[in-house]
Amino acid sequence: MRRQLNILKTLTQSPLGRMALGIFYYAKWFQFRFQRAFRILDVSDDFIPEEFVESVRRHGTTKMVSNLDAQRKIQILRHSGASQVAHFCTNRFSTTKYSWYSFIPMFLYEQFSMPSNLFFLLISILQIIPGVSTIGQYTTLLPLLLLLSISALREIAEDLYKRSADKAINRILFETYCDSGWNFIECDRLKVGSVVRIRSGQYLPADILLLSTSDRYGTCKIMTANLDGETNIKERRCHSSTMQITYRNGFQGLSSIEYEKPNRNLYEFHGRLFFDGMYQENTQYTDNVGYTVNEDNVILRGTQLLTTHYIDGLILYTGPETKLSINTPNPPLKLSSLQEITNKQIVYVFISLIMLCLVSVGGKVLTNSITGSPWYLPYPNEYHNFGDMIRSFFTFLVLYNDFVPISLMMSIEFVKMIQTWIINNDYEMRDGDNELAEAKSLKLVDELGMIHYVFTDKTGTLTCNEMAFRSFCVVTDDDIIRKYEPSFKDDEDYSPTNHSVYDRVWYDLEMYINADNERQSFKHLAAPSIQLSENLRHLMTMLALCNTVTVQFIPFEGMTGKYVPGQYNDHLHYMSESPDEKALVEGARQFDFTFVQRTQDSEGTYVHLSLKDNMIMYRLVKTIKFTSDRKRMSVILECPDGEWRLYCKGADNVMKKLLKRKENTYRIRDVLNGYARQGYRTLVYGWKYVSHEEVNKFEHDINAVTTSKTSRKAKLEKISDIEFEMESGLRLVGISAVEDKLQENVGETIKKLRIANIGIWMLTGDKMETAENVAMNCRLFKKSMFRTDKIFHIDCDTDTENYKKRTLDQAQSVLKYLVQENRLGKINSDIGLVLQGDAVETLLEEMEADFCSMATSFQSVVACRLSPSLKADLVKLVQIHKRKNVLAIGDGANDVAMIQAARVGVGIKGNEGMQAKLASDFAIGKFCFLNRLLFIHGVWSYFRICKLIQFSFYKNVLIYFINFLYQWFNGFSGQACFEQWTLSMYNLAFTSFQPCCVAVFDRPWKDKSMLAHSQLYDLSQSNRIFTNKLFWGNIINAIFHGCIIFIMSYEINYLGSILPYDIQVGGIYSFGYMIYLTTLITVTIKLFLVMDIMNSVTLWFIFLSVFAYLLWMVVTNYWASFPITSFQYLVYDNTGLASEMSTSLVFWISSLLLIPVVATYRDLIWKCLLDTFYDSFGQVVRLLEDEEDAKARIETKLELLLSTKEKRNLWSLIPKSFLPPRNPAPRNMDATDLLMSLDNTIMTISRSKSAVHDLDP
């Protein structure tokens, strides 16, 4: 962004640059205005700053350089006729894609932006021109209109469904304050500046500033599941200056509010309230004094109000300017690799089509120069002028136009739609909440079969993100470090008598709290120091209170009386935005430091701590919240003794910069590394005393920055500096460790991904040691790598002297090893790489290409301490330099950038919200479902789409190349071999459903086989089925078949040298009829050879297509006798042909048997040779499947026989030649012994088709 603005400044320094920049901006302005008019908001110009895009997107203005951080100021609307000075968008909610005036231009723009549709539109225009088309004027236009109509109806149906849902939302009634009373108005009529009342259970219709609530302390409870997927109850509060401004006094006193313009930051808000100086309810407001409000005072659209009776709020943002709408962007445009390859092949086929047209034009000129121009054709003496050659070129272009299948794109879309339905209804991918997988991207289902790298998050993706408190240690300044490792009720080794850690903690606390209940079992131990006891008390207090946890008491059976805080602590339920906080609070409760509740009064907020049977109340002075940038959280508490203390917890790399004594961090390094080797997540704790003056100065400085006119970025940097200053000088207290367990079957999933030759990168923000431990536990790193020292580290951080040079030296040493061992550029599964976030930044800056070559030589890579943007950068690095497909999978908001940057993004609905799921292309419930998604649905979709594309080109090239061959026999007149509408029906009806049906039901292997043998993924991953060689071999094969069909049909039909003469009837279309039926049968045989399995549905569709053509012959034969004479011309040339040709036995033998068999015998022999002599791994798996099927059929037959309780000799089922040698069958053997004996002979039986057939029920 900074580089872009510097470029803009440079350009503005010269008149020519300003002129060029002005033209460029106004061009972009017109582009955005058009997109805004038709709601095409897909903007992907990296040169244009995001602020410019947002400005034009919302306001249609190019005045953006001076207004990037401008504020919005609104007045309070208290009367029905009042309005804002500035214009703001309405609150109308709309998810529709079209409007009544934009549907036609938008739909046509989208459809004809596809090259294939644009090509057929050109052909349709050429056909209408008189004298150009020889196959009718509408034979391409009508099929094109039919396909466009189907697409249009689908789009209209989807939009109408969305419109009805939007209408229901927009018609919801809300109470707004107007003219000294409350009135109900519809949701879409709400305005910015209006005061709205929300009742309990309602969802907010807009982003509002909380003014007052039914609670006397000005708080309310909300749930933000629609925003971030979090179902925990959260708290919002009014600003203290607005608590007394209610509907009773007409919301008087509040004048205006100045706040930031719409942006996508869900968790940040800055604004100032202004009052008009009125005296009201013992509160004096001064003119033009701004009171700072923040995100705690704002509730966003989509949030649900809970438990609170009602709230009153001022509307800030409406409609598309709400944060919910801004954070629901259009997904990035992604095309599958097969789609890109197909687009290229269409271009090559189109070039081949042009070459055929040029050859035909040359043949026409040459023929007419030798034999003279035919007298019966138009323009008999003008065959050598340029205009006639152009007209002839267009004639042949129309004649051969379906070299590119007109129905290909719709067939692909239809098949992909079925594939997404199969994924969405795969009950094997159902998680614990009975939620199925969701395929959100129709275009990328086949891309799942071509993944080379998987980039995965750790927490919540590989692990459960359900934390368990495992250990903690206390640190003092006099080198005392004491570790405690408790066991809890959810542990396997827990027992009711295992209280040793609990006793140890309270024994160490005695010196500080003067407890009298000493534990006899610890009498022999040395007494703890005063500082150890004090720090242990501080640590336990921080575990319980340094958080944003919400407490809820759950009544239980047998409970007597009302709930009293401090009693029934085991029945308190904690809800938190972070699983870590919940685990820490529950861990503190195990040691009788129980966080009980939060309360409020006029003086502030209080947190209550139950210490055994004693209740202690702390006043919460200030909370400095945790953010992904800060990586720490602090609370300022007024303790019962009157002291003010700041308690802070955070990541170790952040906390070491805040400690008063830096040397403490070196003494706890071994403890942190030990926890990391166990896979624990750690937090470091510190505290210090603060004075009233320090806190007041802190709040004053923060308020001054938030109300300043500086840019948003400058504000955030200044606030960060102020917070750092406030939190510096901490005394180290201790460390906590929580465990995040691996999800089920993660190790097995990664093992199969490695076998499939997929590179796996684990990207995380955790410590290196924790990441390495998780990598070993989930089999990303083999244990042998640690024993043989085959894990390479590039881990210099910014605190290391000359860290850049050392980082580059480490990278060069790894590169040198890879080159010496001849491993560079190969995926090596026996070595691993660990990267540190600071090192990654250095390598991306200094040696990007070499870094990519080095890193991709490792199959297993762990990168830790990464920010969300660095994760996305690594994804882009591999995709750009290696040109390989990357799948990114994650579960949190910090994974969204990575998911959207990857070729395929997979989101997991986890405890961190739904942002990742909403931004993804596919959504699953667990990481282990990735195997099924890739190895089954990915491979199936890849094989099916490949067969559909190749077969579609095959069948079209076959029949239209016959038209080209026919030109050599008609003087290149442009006359088609087939009747015009029969030719059009070839793609629309007779050969369109067959390949689609095969593409829906065909599969190379069973799902169980593909999960058991993940090596099969290599066929689709390396794109072995849709290579240029195979594609053009398929085209040449179609040309070969066309030549055989045409030559044999010509010999039979005209020369009579092979078969009798009696088939020569009816003129040129009798020849076309014979070739057409022969081609249809040949195509059907070829389809049988392409299929891997056969089922009844596929067979029905194939035979139905052939029957449809025979029915078409009958209809066209008698069409002229129908009373609707206006349509007789359409098929006039076919009248009577079918009845004459159907009497010829030669016609049926040649079309149905002789010519198709001769044309395809080479394909059949080749397939048999491959199946017999080429023992590929896929064929071995198919053989195993056949053996399993044979065994299953035998067992089924036996169960059927036994169920009838008929006493017969069961061994008579097995032919004697298949019995084990020297093992005569006993006459009376039970079913169990029989099945065991069958296991020994099943291999031999399954290889004999006759035996299996005899045993088949």
# chains A, B, ... in the order shown; residues from 1 in each chain; ligands from 1
>>> select_by_dssp(residues="range 831-861 of chain A", states="strand (DSSP E)", output="list in words")
Ile831, Gly832, Leu833, Val834, Leu835, Gln836, Phe858, Gln859, Ser860 and Val861 of chain A
>>> select_by_dssp(residues="range 675-847 of chain A", states="helix (DSSP H, G or I)", output="ChimeraX atom specification")
/A:675-677,692-706,712-727,746-755,768-777,783-787,803-820,837-846
>>> closest_atom_pairs(of="range 148-204 of chain A", to="range 96-113 of chain A", cutoff="10 Å", atoms="only C-alpha atoms", output="tab-separated table")
residue	atom	partner	partner_atom	distance
A:Leu148	CA	A:Gln111	CA	7.8
A:Ser151	CA	A:Gln111	CA	8.8
A:Ala152	CA	A:Phe107	CA	7.4
A:Glu155	CA	A:Phe107	CA	8.6
A:Ile156	CA	A:Tyr98	CA	8.6
A:Glu158	CA	A:Thr96	CA	8.5
A:Asp159	CA	A:Thr96	CA	5.5
A:Leu160	CA	A:Thr96	CA	7.9
A:Tyr161	CA	A:Thr96	CA	8.8
A:Lys162	CA	A:Thr96	CA	5.7
A:Arg163	CA	A:Thr96	CA	6.0
A:Ser164	CA	A:Thr96	CA	9.7
A:Ala165	CA	A:Thr96	CA	9.7
A:Asp166	CA	A:Thr96	CA	8.1
>>> residues_around(residues="range 763-766 of chain A", least_positions_apart="5", cutoff="7 Å", atoms="only C-alpha atoms", output="CSV table (one decimal) with all heavy atoms, in the first residue's frame")
chain,number,residue,atom,x,y,z
A,455,PHE,N,-1.6,-26.8,2.6
A,455,PHE,CA,-1.2,-25.8,3.6
A,455,PHE,C,-2.2,-25.8,4.7
A,455,PHE,O,-3.4,-25.5,4.4
A,455,PHE,CB,-1.0,-24.4,3.0
A,455,PHE,CG,0.2,-24.3,2.2
A,455,PHE,CD1,0.5,-25.0,1.1
A,455,PHE,CD2,1.2,-23.3,2.6
A,455,PHE,CE1,1.6,-24.8,0.3
A,455,PHE,CE2,2.4,-23.2,1.8
A,455,PHE,CZ,2.6,-23.9,0.7
A,456,THR,N,-1.9,-26.2,5.9
A,456,THR,CA,-2.8,-26.4,6.9
A,456,THR,C,-2.5,-25.5,8.1
A,456,THR,O,-1.3,-25.4,8.5
A,456,THR,CB,-3.0,-27.8,7.3
A,456,THR,OG1,-3.8,-28.0,8.5
A,456,THR,CG2,-1.6,-28.4,7.7
A,457,ASP,N,-3.5,-25.0,8.8
A,457,ASP,CA,-3.3,-24.4,10.1
A,457,ASP,C,-3.2,-25.5,11.1
A,457,ASP,O,-3.4,-26.7,10.9
A,457,ASP,CB,-4.6,-23.5,10.4
A,457,ASP,CG,-4.5,-22.9,11.7
A,457,ASP,OD1,-3.4,-22.4,12.1
A,457,ASP,OD2,-5.5,-22.8,12.4
A,458,LYS,N,-2.7,-25.1,12.3
A,458,LYS,CA,-2.5,-26.2,13.4
A,458,LYS,C,-3.7,-26.1,14.3
A,458,LYS,O,-4.5,-27.1,14.4
A,458,LYS,CB,-1.2,-25.9,14.1
A,458,LYS,CG,-1.0,-26.9,15.2
A,458,LYS,CD,0.3,-26.7,16.0
A,458,LYS,CE,0.1,-25.4,16.9
A,458,LYS,NZ,-0.8,-25.7,18.0
A,771,ALA,N,5.1,-26.5,17.7
A,771,ALA,CA,4.8,-26.9,16.4
A,771,ALA,C,5.5,-28.2,16.0
A,771,ALA,O,4.9,-29.1,15.3
A,771,ALA,CB,5.1,-25.8,15.4
A,862,VAL,N,7.2,-27.2,8.4
A,862,VAL,CA,6.6,-26.5,9.5
A,862,VAL,C,7.0,-25.1,9.6
A,862,VAL,O,8.3,-24.8,9.6
A,862,VAL,CB,6.8,-27.2,10.8
A,862,VAL,CG1,6.3,-26.4,12.0
A,862,VAL,CG2,6.2,-28.6,10.9
A,863,ALA,N,6.1,-24.1,9.5
A,863,ALA,CA,6.4,-22.7,9.6
A,863,ALA,C,5.7,-22.1,10.8
A,863,ALA,O,4.4,-22.2,10.9
A,863,ALA,CB,6.1,-22.0,8.3
A,864,CYS,N,6.4,-21.6,11.8
A,864,CYS,CA,5.8,-21.1,13.0
A,864,CYS,C,6.0,-19.6,13.2
A,864,CYS,O,6.8,-19.0,12.4
A,864,CYS,CB,6.3,-21.8,14.2
A,864,CYS,SG,8.1,-21.9,14.3
A,865,ARG,N,5.3,-19.0,14.1
A,865,ARG,CA,5.3,-17.6,14.4
A,865,ARG,C,4.9,-16.8,13.1
A,865,ARG,O,5.6,-15.8,12.8
A,865,ARG,CB,6.7,-17.2,14.9
A,865,ARG,CG,7.1,-17.8,16.2
A,865,ARG,CD,6.2,-17.4,17.3
A,865,ARG,NE,6.8,-17.7,18.6
A,865,ARG,CZ,6.1,-17.6,19.8
A,865,ARG,NH1,4.8,-17.3,19.7
A,865,ARG,NH2,6.7,-17.9,20.9
A,866,LEU,N,3.9,-17.2,12.4
A,866,LEU,CA,3.5,-16.6,11.2
A,866,LEU,C,2.2,-15.7,11.4
A,866,LEU,O,1.3,-16.1,12.1
A,866,LEU,CB,3.2,-17.6,10.1
A,866,LEU,CG,4.3,-18.5,9.6
A,866,LEU,CD1,3.8,-19.4,8.5
A,866,LEU,CD2,5.5,-17.6,9.1
A,867,SER,N,2.2,-14.6,10.8
A,867,SER,CA,1.0,-13.7,10.7
A,867,SER,C,0.1,-14.2,9.6
A,867,SER,O,0.5,-15.0,8.7
A,867,SER,CB,1.4,-12.3,10.5
A,867,SER,OG,2.0,-12.1,9.2
A,871,LYS,N,1.2,-16.2,5.9
A,871,LYS,CA,0.6,-17.5,5.5
A,871,LYS,C,0.2,-17.4,4.0
A,871,LYS,O,0.5,-18.3,3.2
A,871,LYS,CB,-0.6,-17.9,6.4
A,871,LYS,CG,-0.3,-18.3,7.8
A,871,LYS,CD,-1.5,-18.7,8.5
A,871,LYS,CE,-1.2,-19.1,9.9
A,871,LYS,NZ,-2.4,-19.6,10.7
>>> closest_residue(among="A:Ser610, A:Thr292, A:Ser992, A:Gln820", to="Thr242 in chain A", atoms="only C-alpha atoms")
A:Thr292
>>> residues_around(residues="Phe781 in chain A", least_positions_apart="4", cutoff="9 Å", atoms="only C-alpha atoms", output="list in words")
Glu772, Asn773, Val774, Ala775, Met776, Asn777, Met785, Phe786, Ile791, Asp830, Ile831, Gly832, Ser860 and Val861 of chain A
>>> atom_distance(atom1="CA of Asn401 in chain A", atom2="CA of Ile123 in chain A")
7.1 Å
>>> atom_distance(atom1="CA of Gly974 in chain A", atom2="CA of Gly131 in chain A")
10.9 Å
>>> residues_around(residues="Gly825 in chain A", least_positions_apart="3", cutoff="12 Å", atoms="only C-alpha atoms", output="list of chain:residue names")
A:Leu815, A:Leu818, A:Val819, A:Glu821, A:Asn822, A:Asn828, A:Ala849, A:Asp850, A:Phe851, A:Cys852, A:Ser853, A:Met854, A:Ala855, A:Thr856, A:Ser857, A:Phe858, A:Gln859, A:His881, A:Lys882
>>> closest_residue(among="A:Val596, A:Val705, A:Leu543, A:Leu408", to="Gln567 in chain A", atoms="only C-alpha atoms")
A:Val596
>>> residues_around(residues="His239 in chain A", least_positions_apart="3", cutoff="7 Å", atoms="only C-alpha atoms", output="count of residues only")
4
>>> closest_residue(among="A:Lys926, A:Arg823, A:His793, A:Lys582", to="Gln810 in chain A", atoms="only C-alpha atoms")
A:His793
>>> atom_distance(atom1="CA of Thr605 in chain A", atom2="CA of Val505 in chain A")
29.7 Å
>>> residues_around(residues="Ile208 in chain A", least_positions_apart="3", cutoff="8 Å", atoms="only C-alpha atoms", output="ChimeraX atom specification")
/A:298-301,313-317
>>> closest_residue(among="A:Cys473, A:Ser1151, A:Cys648, A:Val746", to="Gly674 in chain A", atoms="only C-alpha atoms")
A:Cys473
